[in-house]
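Text of the file input_32.txt, holding compact mmCIF, C-alpha atoms:
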```
# COMPACT_ATOMS: atom_id res chain seq x y z
CA MET A 1 11.08 -15.60 -26.18
CA SER A 2 7.73 -17.28 -25.65
CA TRP A 3 7.89 -17.05 -21.83
CA LEU A 4 7.98 -13.26 -22.23
CA GLU A 5 5.04 -13.38 -24.62
CA ASP A 6 3.09 -15.52 -22.13
CA LEU A 7 2.96 -12.56 -19.74
CA LYS A 8 0.29 -9.89 -19.81
CA TRP A 9 1.85 -6.49 -20.37
CA ASP A 10 -0.25 -3.42 -19.62
CA LYS A 11 -1.15 -0.82 -22.24
CA ASN A 12 2.18 0.92 -21.57
CA GLY A 13 4.03 -2.35 -22.15
CA LEU A 14 4.84 -2.71 -18.45
CA ILE A 15 4.38 -5.30 -15.70
CA PRO A 16 4.66 -4.69 -11.92
CA ALA A 17 7.59 -6.42 -10.20
CA ILE A 18 8.05 -7.26 -6.52
CA ALA A 19 11.55 -7.88 -5.16
CA GLN A 20 11.64 -10.23 -2.18
CA ASP A 21 14.68 -11.32 -0.20
CA GLU A 22 14.96 -14.99 -1.20
CA LYS A 23 16.25 -16.06 2.22
CA THR A 24 14.28 -13.97 4.72
CA GLY A 25 11.08 -13.47 2.70
CA LYS A 26 11.22 -9.74 3.39
CA ILE A 27 9.74 -7.56 0.64
CA LEU A 28 12.37 -5.05 -0.31
CA MET A 29 11.07 -3.13 -3.30
CA PHE A 30 8.35 -2.68 -5.87
CA ALA A 31 9.05 -1.42 -9.38
CA TRP A 32 8.03 -1.85 -13.01
CA MET A 33 9.55 -3.75 -15.90
CA ASN A 34 9.18 -3.62 -19.63
CA LYS A 35 9.93 -6.60 -21.83
CA GLU A 36 13.53 -5.59 -22.41
CA SER A 37 14.28 -5.13 -18.71
CA LEU A 38 12.80 -8.51 -17.79
CA GLN A 39 14.75 -10.17 -20.57
CA GLN A 40 17.95 -8.52 -19.33
CA THR A 41 17.10 -9.63 -15.79
CA GLN A 42 16.82 -13.22 -16.94
CA LEU A 43 19.92 -13.10 -19.12
CA THR A 44 22.21 -11.35 -16.63
CA GLY A 45 20.85 -12.72 -13.34
CA LYS A 46 20.72 -9.15 -12.01
CA ALA A 47 17.50 -7.18 -11.53
CA VAL A 48 16.84 -4.63 -14.28
CA TYR A 49 13.76 -2.40 -14.12
CA TRP A 50 12.02 0.28 -16.17
CA SER A 51 12.01 3.73 -14.63
CA ARG A 52 8.64 5.35 -15.35
CA SER A 53 9.84 8.76 -14.15
CA ARG A 54 13.00 8.72 -16.26
CA GLN A 55 11.48 6.59 -19.05
CA LYS A 56 14.54 4.42 -19.32
CA ILE A 57 15.98 1.03 -18.46
CA TRP A 58 17.43 1.01 -14.98
CA ALA A 59 19.91 -1.63 -13.83
CA LYS A 60 19.31 -1.71 -10.08
CA GLY A 61 22.51 -0.64 -8.32
CA GLU A 62 24.06 1.10 -11.32
CA GLU A 63 24.60 4.22 -9.18
CA SER A 64 24.43 2.89 -5.64
CA GLY A 65 26.23 -0.40 -6.13
CA HIS A 66 23.25 -2.04 -4.42
CA SER A 67 22.46 -4.50 -7.16
CA GLN A 68 20.15 -7.48 -6.79
CA THR A 69 21.24 -11.00 -7.67
CA VAL A 70 18.23 -12.87 -8.99
CA LYS A 71 17.62 -16.33 -7.53
CA SER A 72 14.13 -16.96 -8.92
CA ILE A 73 11.57 -15.40 -11.25
CA ARG A 74 7.90 -16.13 -10.61
CA THR A 75 4.60 -14.90 -11.99
CA ASP A 76 1.05 -15.17 -10.69
CA CYS A 77 -2.11 -16.93 -11.86
CA ASP A 78 -2.98 -14.08 -14.23
CA LYS A 79 0.62 -13.78 -15.45
CA ASP A 80 0.46 -10.01 -14.96
CA VAL A 81 2.84 -9.58 -12.00
CA ILE A 82 6.48 -10.59 -11.54
CA LEU A 83 7.96 -11.77 -8.24
CA LEU A 84 11.74 -11.81 -8.02
CA GLY A 85 13.51 -13.80 -5.31
CA ILE A 86 16.74 -11.88 -4.81
CA GLU A 87 19.90 -11.44 -2.81
CA GLN A 88 20.27 -7.74 -2.03
CA ILE A 89 23.91 -6.71 -2.41
CA GLY A 90 24.89 -4.32 0.37
CA GLY A 91 21.73 -5.12 2.31
CA ILE A 92 20.10 -1.87 1.19
CA ALA A 93 17.33 -1.81 -1.41
CA CYS A 94 15.81 1.62 -0.75
CA HIS A 95 17.14 4.93 -2.06
CA THR A 96 16.61 6.31 1.47
CA GLY A 97 19.39 4.02 2.72
CA ARG A 98 17.04 1.51 4.35
CA GLU A 99 16.98 -2.26 3.83
CA SER A 100 13.42 -2.17 2.49
CA CYS A 101 11.30 0.49 0.82
CA PHE A 102 8.30 -0.61 2.92
CA TYR A 103 9.28 1.21 6.10
CA ASN A 104 6.01 3.14 6.64
CA GLN A 105 3.49 1.32 8.80
CA LEU A 106 -0.02 2.52 9.57
CA GLU A 107 -0.50 3.02 13.31
CA ASN A 108 -3.36 5.02 14.78
CA GLU A 109 -4.22 6.30 11.31
CA GLN A 110 -0.73 7.71 10.79
CA TRP A 111 2.24 6.47 8.77
CA GLN A 112 5.06 5.67 11.19
CA THR A 113 8.64 4.96 10.15
CA THR A 114 9.58 1.48 11.34
CA GLU A 115 13.02 0.91 9.83
CA PRO A 116 16.33 2.66 10.45
CA VAL A 117 18.49 4.28 7.80
CA ILE A 118 21.49 1.97 7.47
CA LYS A 119 23.59 4.34 5.36
CA ASP A 120 23.22 8.04 4.60
CA PRO A 121 21.96 8.36 0.99
CA ASN A 122 24.44 11.20 0.46
CA LEU A 123 27.18 8.63 0.92
CA ILE A 124 25.46 6.14 -1.38
CA TYR A 125 24.78 8.41 -4.33
CA LYS A 126 27.84 10.36 -5.31
CA LYS A 127 27.14 13.87 -6.48
CA THR A 128 28.50 14.52 -9.94
CA MET B 1 -8.55 10.63 6.39
CA SER B 2 -5.17 12.25 5.93
CA TRP B 3 -3.27 8.94 5.82
CA LEU B 4 -5.29 8.05 2.73
CA GLU B 5 -4.52 11.42 1.16
CA ASP B 6 -0.80 10.92 1.88
CA LEU B 7 -0.75 8.07 -0.63
CA LYS B 8 -0.16 8.51 -4.34
CA TRP B 9 -3.12 7.19 -6.29
CA ASP B 10 -2.67 6.57 -10.01
CA LYS B 11 -4.69 8.33 -12.68
CA ASN B 12 -7.44 5.72 -12.26
CA GLY B 13 -7.53 6.37 -8.52
CA LEU B 14 -5.86 3.04 -7.75
CA ILE B 15 -2.83 1.77 -5.86
CA PRO B 16 -1.20 -1.68 -6.19
CA ALA B 17 -1.46 -3.92 -3.11
CA ILE B 18 0.65 -6.92 -2.15
CA ALA B 19 -0.73 -9.47 0.33
CA GLN B 20 1.95 -11.25 2.34
CA ASP B 21 1.45 -13.94 4.97
CA GLU B 22 2.39 -12.11 8.16
CA LYS B 23 3.89 -15.21 9.77
CA THR B 24 5.68 -17.02 6.96
CA GLY B 25 6.54 -14.03 4.76
CA LYS B 26 5.12 -15.83 1.72
CA ILE B 27 3.62 -13.55 -0.91
CA LEU B 28 0.10 -14.77 -1.55
CA MET B 29 -1.55 -12.27 -3.88
CA PHE B 30 -1.29 -9.03 -5.78
CA ALA B 31 -4.32 -6.85 -6.44
CA TRP B 32 -5.43 -3.23 -6.67
CA MET B 33 -7.23 -0.93 -4.27
CA ASN B 34 -9.11 2.31 -4.59
CA LYS B 35 -9.47 4.73 -1.71
CA GLU B 36 -12.75 3.23 -0.55
CA SER B 37 -11.43 -0.33 -0.50
CA LEU B 38 -8.34 0.65 1.49
CA GLN B 39 -10.46 2.57 3.95
CA GLN B 40 -12.75 -0.44 4.35
CA THR B 41 -9.68 -2.64 4.83
CA GLN B 42 -8.47 -0.43 7.65
CA LEU B 43 -11.89 -0.09 9.27
CA THR B 44 -12.89 -3.76 9.11
CA GLY B 45 -9.49 -5.44 9.50
CA LYS B 46 -10.28 -7.59 6.47
CA ALA B 47 -8.70 -7.13 3.03
CA VAL B 48 -10.95 -5.35 0.54
CA TYR B 49 -9.75 -4.76 -3.02
CA TRP B 50 -10.92 -3.10 -6.23
CA SER B 51 -11.64 -5.45 -9.09
CA ARG B 52 -10.45 -3.81 -12.31
CA SER B 53 -12.18 -6.43 -14.48
CA ARG B 54 -15.52 -6.12 -12.71
CA GLN B 55 -15.04 -2.44 -11.80
CA LYS B 56 -16.32 -2.93 -8.27
CA ILE B 57 -15.28 -3.24 -4.66
CA TRP B 58 -14.34 -6.81 -3.83
CA ALA B 59 -14.20 -8.07 -0.26
CA LYS B 60 -11.66 -10.90 -0.49
CA GLY B 61 -13.38 -14.17 0.41
CA GLU B 62 -16.92 -12.94 -0.20
CA GLU B 63 -17.54 -15.94 -2.48
CA SER B 64 -14.83 -18.39 -1.45
CA GLY B 65 -14.84 -17.77 2.29
CA HIS B 66 -11.08 -17.31 1.99
CA SER B 67 -10.93 -13.90 3.59
CA GLN B 68 -7.76 -12.19 4.77
CA THR B 69 -7.38 -10.86 8.31
CA VAL B 70 -5.17 -7.79 8.17
CA LYS B 71 -2.35 -7.65 10.72
CA SER B 72 -0.43 -4.69 9.29
CA ILE B 73 -0.67 -2.06 6.56
CA ARG B 74 2.56 -0.67 5.12
CA THR B 75 3.51 1.60 2.26
CA ASP B 76 6.81 2.24 0.51
CA CYS B 77 9.17 5.23 0.22
CA ASP B 78 7.13 6.70 -2.65
CA LYS B 79 3.83 5.96 -0.91
CA ASP B 80 2.47 4.45 -4.10
CA VAL B 81 2.27 0.76 -3.14
CA ILE B 82 0.47 -0.99 -0.25
CA LEU B 83 1.84 -4.03 1.55
CA LEU B 84 -0.64 -5.95 3.70
CA GLY B 85 0.56 -8.39 6.35
CA ILE B 86 -2.27 -10.89 6.55
CA GLU B 87 -3.54 -14.15 7.96
CA GLN B 88 -5.07 -16.13 5.09
CA ILE B 89 -8.26 -17.80 6.25
CA GLY B 90 -8.51 -21.33 4.84
CA GLY B 91 -4.85 -21.23 3.74
CA ILE B 92 -5.85 -20.56 0.13
CA ALA B 93 -5.41 -17.14 -1.47
CA CYS B 94 -5.58 -18.07 -5.16
CA HIS B 95 -8.74 -18.65 -7.18
CA THR B 96 -7.05 -21.75 -8.61
CA GLY B 97 -7.23 -23.35 -5.16
CA ARG B 98 -3.54 -22.84 -4.38
CA GLU B 99 -2.07 -21.19 -1.28
CA SER B 100 -0.38 -18.47 -3.34
CA CYS B 101 -1.06 -16.94 -6.74
CA PHE B 102 2.68 -16.95 -7.48
CA TYR B 103 2.94 -20.61 -8.45
CA ASN B 104 4.59 -20.17 -11.85
CA GLN B 105 8.37 -20.24 -11.74
CA LEU B 106 10.69 -19.65 -14.67
CA GLU B 107 12.88 -22.68 -15.33
CA ASN B 108 14.76 -23.21 -18.58
CA GLU B 109 12.82 -20.34 -20.14
CA GLN B 110 9.48 -21.96 -19.37
CA TRP B 111 6.87 -21.26 -16.70
CA GLN B 112 6.65 -24.31 -14.46
CA THR B 113 3.91 -24.88 -11.87
CA THR B 114 5.53 -25.19 -8.46
CA GLU B 115 2.57 -25.34 -6.08
CA PRO B 116 -0.17 -27.94 -5.71
CA VAL B 117 -3.89 -27.25 -5.85
CA ILE B 118 -5.09 -27.62 -2.26
CA LYS B 119 -8.79 -27.57 -3.07
CA ASP B 120 -10.69 -27.94 -6.35
CA PRO B 121 -11.96 -24.46 -7.35
CA ASN B 122 -15.29 -26.06 -8.31
CA LEU B 123 -15.75 -26.90 -4.65
CA ILE B 124 -14.66 -23.40 -3.54
CA TYR B 125 -16.89 -21.38 -5.83
CA LYS B 126 -20.44 -22.59 -5.75
CA LYS B 127 -22.21 -22.45 -9.06
CA THR B 128 -25.36 -20.38 -8.89
```
Could you take the file, read its structure, and then write that structure out as structure tokens?
Amino acid sequence: MSWLEDLKWDKNGLIPAIAQDEKTGKILMFAWMNKESLQQTQLTGKAVYWSRSRQKIWAKGEESGHSQTVKSIRTDCDKDVILLGIEQIGGIACHTGRESCFYNQLENEQWQTTEPVIKDPNLIYKKT
Amino acid sequence: MSWLEDLKWDKNGLIPAIAQDEKTGKILMFAWMNKESLQQTQLTGKAVYWSRSRQKIWAKGEESGHSQTVKSIRTDCDKDVILLGIEQIGGIACHTGRESCFYNQLENEQWQTTEPVIKDPNLIYKKT
């Protein structure tokens, strides 16, 4: 796939990926992809990432059901960042139960929480 | 500055930073910051990054005049990514003379250019 080869992968074979709500423009998440996960994203139309902590492919929503339908795939001038335009299924992208992961805003030199929890994470992630 | 210490810096002392137009929601740029550049960003209200290629602090717009006025500073649930809400002076964030760096869109397994050059880069960056 030459479009995959056109991208600049870092020394770990990864590229940063931003997930943006295609309709509202809100930034929902930031994660990493390896070549396989980006290829799966393109083939399936659902966002697939690489989990650096678990060192494995991670289909977004596989546990939570909060998958991301991919509307567009963009890259930047250096071809070393991916920007996904997505529809967030369930309206919750963050594992804390919030719409967006970017809920901490700097105010008076302190991080303040600016977004409500929409759903209790204990109800999202079933204990096994 | 405890808010700086709250963040997770990678092994190179860096954190990824996304610059988003505060009004339109458009993502304009992706770059990296070290602690000093983020502190300068907060103190001056203008975006300051770390150039990995040049290994130096880089005040956005220092050559082009296309600086970024910072309206908000956010971080995510893991506190390992920065999201800046900015006003892009001159309406051009990309060194190619485009509004946004994310002008390559995947269509039919090829990267297609989707944004026009607003100003010739040769006119933006004066040869010395």
Kindly provide, as a tab-separated table (two decimals) with C-alpha atoms, keeping the file's coordinate frame, the residues of chain B having any atom no farther than 6 Å from an atom of chain A, counting all atoms listed in the file.
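The resulting iface24.tsv:
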```
chain	number	residue	atom	x	y	z
B	3	TRP	CA	-3.27	8.94	5.82
B	25	GLY	CA	6.54	-14.03	4.76
B	73	ILE	CA	-0.67	-2.06	6.56
B	74	ARG	CA	2.56	-0.67	5.12
B	75	THR	CA	3.51	1.60	2.26
B	76	ASP	CA	6.81	2.24	0.51
B	77	CYS	CA	9.17	5.23	0.22
B	101	CYS	CA	-1.06	-16.94	-6.74
B	102	PHE	CA	2.68	-16.95	-7.48
B	104	ASN	CA	4.59	-20.17	-11.85
B	105	GLN	CA	8.37	-20.24	-11.74
B	106	LEU	CA	10.69	-19.65	-14.67
B	110	GLN	CA	9.48	-21.96	-19.37
```
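Atom pair atom CA of B:Val70 / atom CA of B:Arg52: separated by 21.5 Å.
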How big is the axis-aligned box around all listed atoms of stretch 64-68 of chain B once 3 Å goes on each side, and where's its centre, in Å to one decimal, as JSON?
```
{"center_x": -11.3, "center_y": -15.3, "center_z": 1.7, "size_x": 13.1, "size_y": 12.2, "size_z": 12.2}
```
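Residues with any atom within 8 Å of A:Lys71, counting all atoms listed in the file and excluding same-chain neighbours fewer than 2 positions away, are A:Glu22, A:Gly45, A:Thr69, A:Ile73, A:Leu84, A:Gly85, A:Ile86, A:Glu87.
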Checklist entry - Which residue out of B:Ile89, B:Leu7, B:Val117, B:Ile124 has the minimum interatomic distance to B:Ala47 when all atoms listed in the file are used? => result B:Ile89
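The coordinates place atom CA of A:Glu99 at 7.9 Å from atom CA of A:Glu115.
Across the model, the gap from atom CA of B:Met33 to atom CA of B:Val48 is 7.5 Å.
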Checklist entry - What's the 9 Å shell around stretch 55-60 of chain B, counting all atoms listed in the file, without same-chain residues fewer than 3 positions away, as a count of residues only? => result 19
